[in-house]
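Written below as structure tokens is the structure these notes are about.
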Amino acid sequence: MTVRLIPYFVMAGNAKEAIQFYQQALDAQVLFQQSFGDMPENPEYPLPAEAKDLVSHATIKVGESEIMFSDTFPGQEHQSGTQVTICISTNDAEQAKKMFEALSEGGKVEMPLQETFFSPAYGSVIDKFGIFFQVFTEGKPHE
């Protein structure tokens, strides 16, 4: 089992610009970048045309560390104070469930831990201290 804590920067439509800035300022290497337009369409949340090029998820490497990025999903408010979150990344779905449940006690679940198109178990929670965590299980979802 592995567990890593990764800073996750939630941007207000300028994630691409931030990634380019950190590439130059910190000699960062882009490991992954995907736009909202690259994601499978969800009829419940239609994507405005102007949002298709915004970053839905990206990872850069700075030295031995990683930073993850996304732009705020279209229609959601971008709030100062929640733009840096912690992504707990693990390769063990049971461990993800235990951590998510523990962080949820006295906190507020933003997105229940569930299978998504990008993870077998992903969810987000604000713990009882007001810290925003994303719990991400590495690996492919069940097909």
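We label chains A, B, ... in the order they appear in the structure tokens, count residues from 1 in each chain, and number ligands from 1 in the order shown.
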What are the nearest atom pairs, with distances in Å to one decimal, for all residues of region 16-131 of chain A that come at most 7 Å from region 2-10 of chain A, using only C-alpha atoms, set out by chain and rising residue number as JSON lines?
```
{"residue": "A:Glu66", "atom": "CA", "partner": "A:Ile6", "partner_atom": "CA", "distance": 6.4}
{"residue": "A:Ile67", "atom": "CA", "partner": "A:Pro7", "partner_atom": "CA", "distance": 5.3}
{"residue": "A:Met68", "atom": "CA", "partner": "A:Tyr8", "partner_atom": "CA", "distance": 4.6}
{"residue": "A:Phe69", "atom": "CA", "partner": "A:Phe9", "partner_atom": "CA", "distance": 4.8}
{"residue": "A:Ser70", "atom": "CA", "partner": "A:Val10", "partner_atom": "CA", "distance": 5.1}
{"residue": "A:Asp71", "atom": "CA", "partner": "A:Val10", "partner_atom": "CA", "distance": 5.6}
{"residue": "A:Thr72", "atom": "CA", "partner": "A:Val10", "partner_atom": "CA", "distance": 6.2}
{"residue": "A:Gln83", "atom": "CA", "partner": "A:Val10", "partner_atom": "CA", "distance": 4.4}
{"residue": "A:Val84", "atom": "CA", "partner": "A:Phe9", "partner_atom": "CA", "distance": 4.6}
{"residue": "A:Thr85", "atom": "CA", "partner": "A:Tyr8", "partner_atom": "CA", "distance": 5.0}
{"residue": "A:Ile86", "atom": "CA", "partner": "A:Pro7", "partner_atom": "CA", "distance": 4.9}
{"residue": "A:Cys87", "atom": "CA", "partner": "A:Ile6", "partner_atom": "CA", "distance": 5.0}
{"residue": "A:Ile88", "atom": "CA", "partner": "A:Leu5", "partner_atom": "CA", "distance": 4.8}
{"residue": "A:Ser89", "atom": "CA", "partner": "A:Arg4", "partner_atom": "CA", "distance": 5.2}
{"residue": "A:Thr90", "atom": "CA", "partner": "A:Val3", "partner_atom": "CA", "distance": 4.5}
{"residue": "A:Asn91", "atom": "CA", "partner": "A:Thr2", "partner_atom": "CA", "distance": 6.0}
```
Please dump the current selection as an mmCIF file, in the first residue's frame; keep C-alpha atoms.
```cif
data_model
loop_
_atom_site.group_PDB
_atom_site.id
_atom_site.type_symbol
_atom_site.label_atom_id
_atom_site.label_comp_id
_atom_site.auth_asym_id
_atom_site.auth_seq_id
_atom_site.Cartn_x
_atom_site.Cartn_y
_atom_site.Cartn_z
ATOM 1 C CA GLU A 66 4.110 16.732 -7.442
ATOM 2 C CA ILE A 67 1.429 19.423 -7.567
ATOM 3 C CA MET A 68 -2.010 18.796 -9.046
ATOM 4 C CA PHE A 69 -4.200 21.426 -10.726
ATOM 5 C CA SER A 70 -7.693 21.990 -12.015
ATOM 6 C CA ASP A 71 -9.828 24.932 -12.970
ATOM 7 C CA THR A 72 -13.081 25.383 -11.073
ATOM 8 C CA GLN A 83 -7.892 26.958 -3.839
ATOM 9 C CA VAL A 84 -5.231 24.786 -2.192
ATOM 10 C CA THR A 85 -6.471 21.381 -1.060
ATOM 11 C CA ILE A 86 -4.720 18.160 -0.118
ATOM 12 C CA CYS A 87 -5.139 15.138 -2.364
ATOM 13 C CA ILE A 88 -4.599 11.857 -0.527
ATOM 14 C CA SER A 89 -3.522 9.405 -3.205
ATOM 15 C CA THR A 90 -3.436 5.687 -2.428
ATOM 16 C CA ASN A 91 -3.436 2.441 -4.368
#
```
Skipping near chain neighbours, those fewer than 2 positions away, what residues fall within 10 Å of region 13-17 of chain A using only C-alpha atoms, listed as a PyMOL selection string?
chain A and resi 9-11+19-23+33+35+51+53-58+69-74+78
Contacts of Glu64 (chain A) at 12 Å (only C-alpha atoms; same-chain gap of 3+ positions) as a VMD selection string
chain A and resid 6 26 to 29 60 to 61 67
Prev. selection, N, CA and C atoms, output as a short mmCIF file (atom, residue, chain, number, x, y, z; two decimals), in the first residue's frame:
```
data_model
loop_
_atom_site.label_atom_id
_atom_site.label_comp_id
_atom_site.auth_asym_id
_atom_site.auth_seq_id
_atom_site.Cartn_x
_atom_site.Cartn_y
_atom_site.Cartn_z
N ILE A 6 -0.62 15.19 -1.69
CA ILE A 6 -0.24 16.03 -2.82
C ILE A 6 -1.01 17.34 -2.77
N LEU A 26 9.85 27.09 -11.57
CA LEU A 26 10.30 25.99 -10.72
C LEU A 26 10.91 24.84 -11.50
N ASP A 27 11.12 25.04 -12.80
CA ASP A 27 11.65 24.00 -13.68
C ASP A 27 10.79 22.73 -13.58
N ALA A 28 9.47 22.94 -13.56
CA ALA A 28 8.53 21.83 -13.42
C ALA A 28 8.35 21.10 -14.75
N GLN A 29 8.00 19.83 -14.64
CA GLN A 29 7.72 18.99 -15.80
C GLN A 29 6.25 18.59 -15.74
N ILE A 60 1.99 18.24 -12.26
CA ILE A 60 3.35 18.62 -12.63
C ILE A 60 4.29 18.06 -11.57
N LYS A 61 5.54 17.89 -11.97
CA LYS A 61 6.57 17.41 -11.04
C LYS A 61 7.59 18.52 -10.84
N ILE A 67 2.53 18.51 -7.85
CA ILE A 67 1.43 19.42 -7.57
C ILE A 67 0.35 19.11 -8.59
#
```
Among the residues of chain A, find those DSSP assigns to strand (DSSP E) from the backbone and print them as a VMD selection string.
chain A and resid 3 to 11 29 to 35 55 to 62 65 to 71 84 to 90 108 to 114 122 to 126 132 to 137
Please identify all polymer residues within 10 Å of Glu94 (chain A), counting only C-alpha atoms, omitting same-chain residues fewer than 5 positions from it, and present them as a list in words.
Met99, Phe100, Ala121 and Thr137 of chain A
For Glu101 (chain A): contacts at 12 Å, only C-alpha atoms, fewer than 2 positions along chain excluded, given as a ChimeraX atom specification
/A:94-99,103-109,112-113,123-127,133,135
As a tab-separated table (two decimals) with C-alpha atoms, in the first residue's frame, list the residues of chain A assigned to alpha helix (DSSP H) by DSSP on the backbone atoms of this structure.
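Okay, out21.tsv is ready:
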```tsv
chain	number	residue	atom	x	y	z
A	15	ALA	CA	-4.65	26.74	-14.57
A	16	LYS	CA	-2.87	26.54	-17.95
A	17	GLU	CA	-1.19	29.89	-17.25
A	18	ALA	CA	-0.19	28.74	-13.75
A	19	ILE	CA	1.24	25.48	-15.10
A	20	GLN	CA	3.33	27.37	-17.67
A	21	PHE	CA	4.49	29.78	-14.96
A	22	TYR	CA	5.61	26.94	-12.66
A	23	GLN	CA	7.32	25.17	-15.57
A	24	GLN	CA	9.55	28.21	-15.92
A	25	ALA	CA	9.78	29.41	-12.32
A	93	ALA	CA	-9.47	1.29	-2.08
A	94	GLU	CA	-10.11	-0.10	1.42
A	95	GLN	CA	-7.52	2.28	2.90
A	96	ALA	CA	-9.13	5.14	0.94
A	97	LYS	CA	-12.51	4.22	2.43
A	98	LYS	CA	-11.11	4.13	6.00
A	99	MET	CA	-9.39	7.51	5.61
A	100	PHE	CA	-12.45	9.08	3.96
A	101	GLU	CA	-14.77	7.85	6.71
A	102	ALA	CA	-12.39	9.06	9.43
A	103	LEU	CA	-12.02	12.50	7.83
A	104	SER	CA	-15.81	12.72	7.45
```
Given the choices A:Glu138, A:Phe117, A:Phe132, A:Thr59, which gets closest to Glu41 (chain A) if the distance is worked out from only C-alpha atoms?
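Counting only C-alpha atoms, the residue closest to Glu41 (chain A) is A:Phe117.
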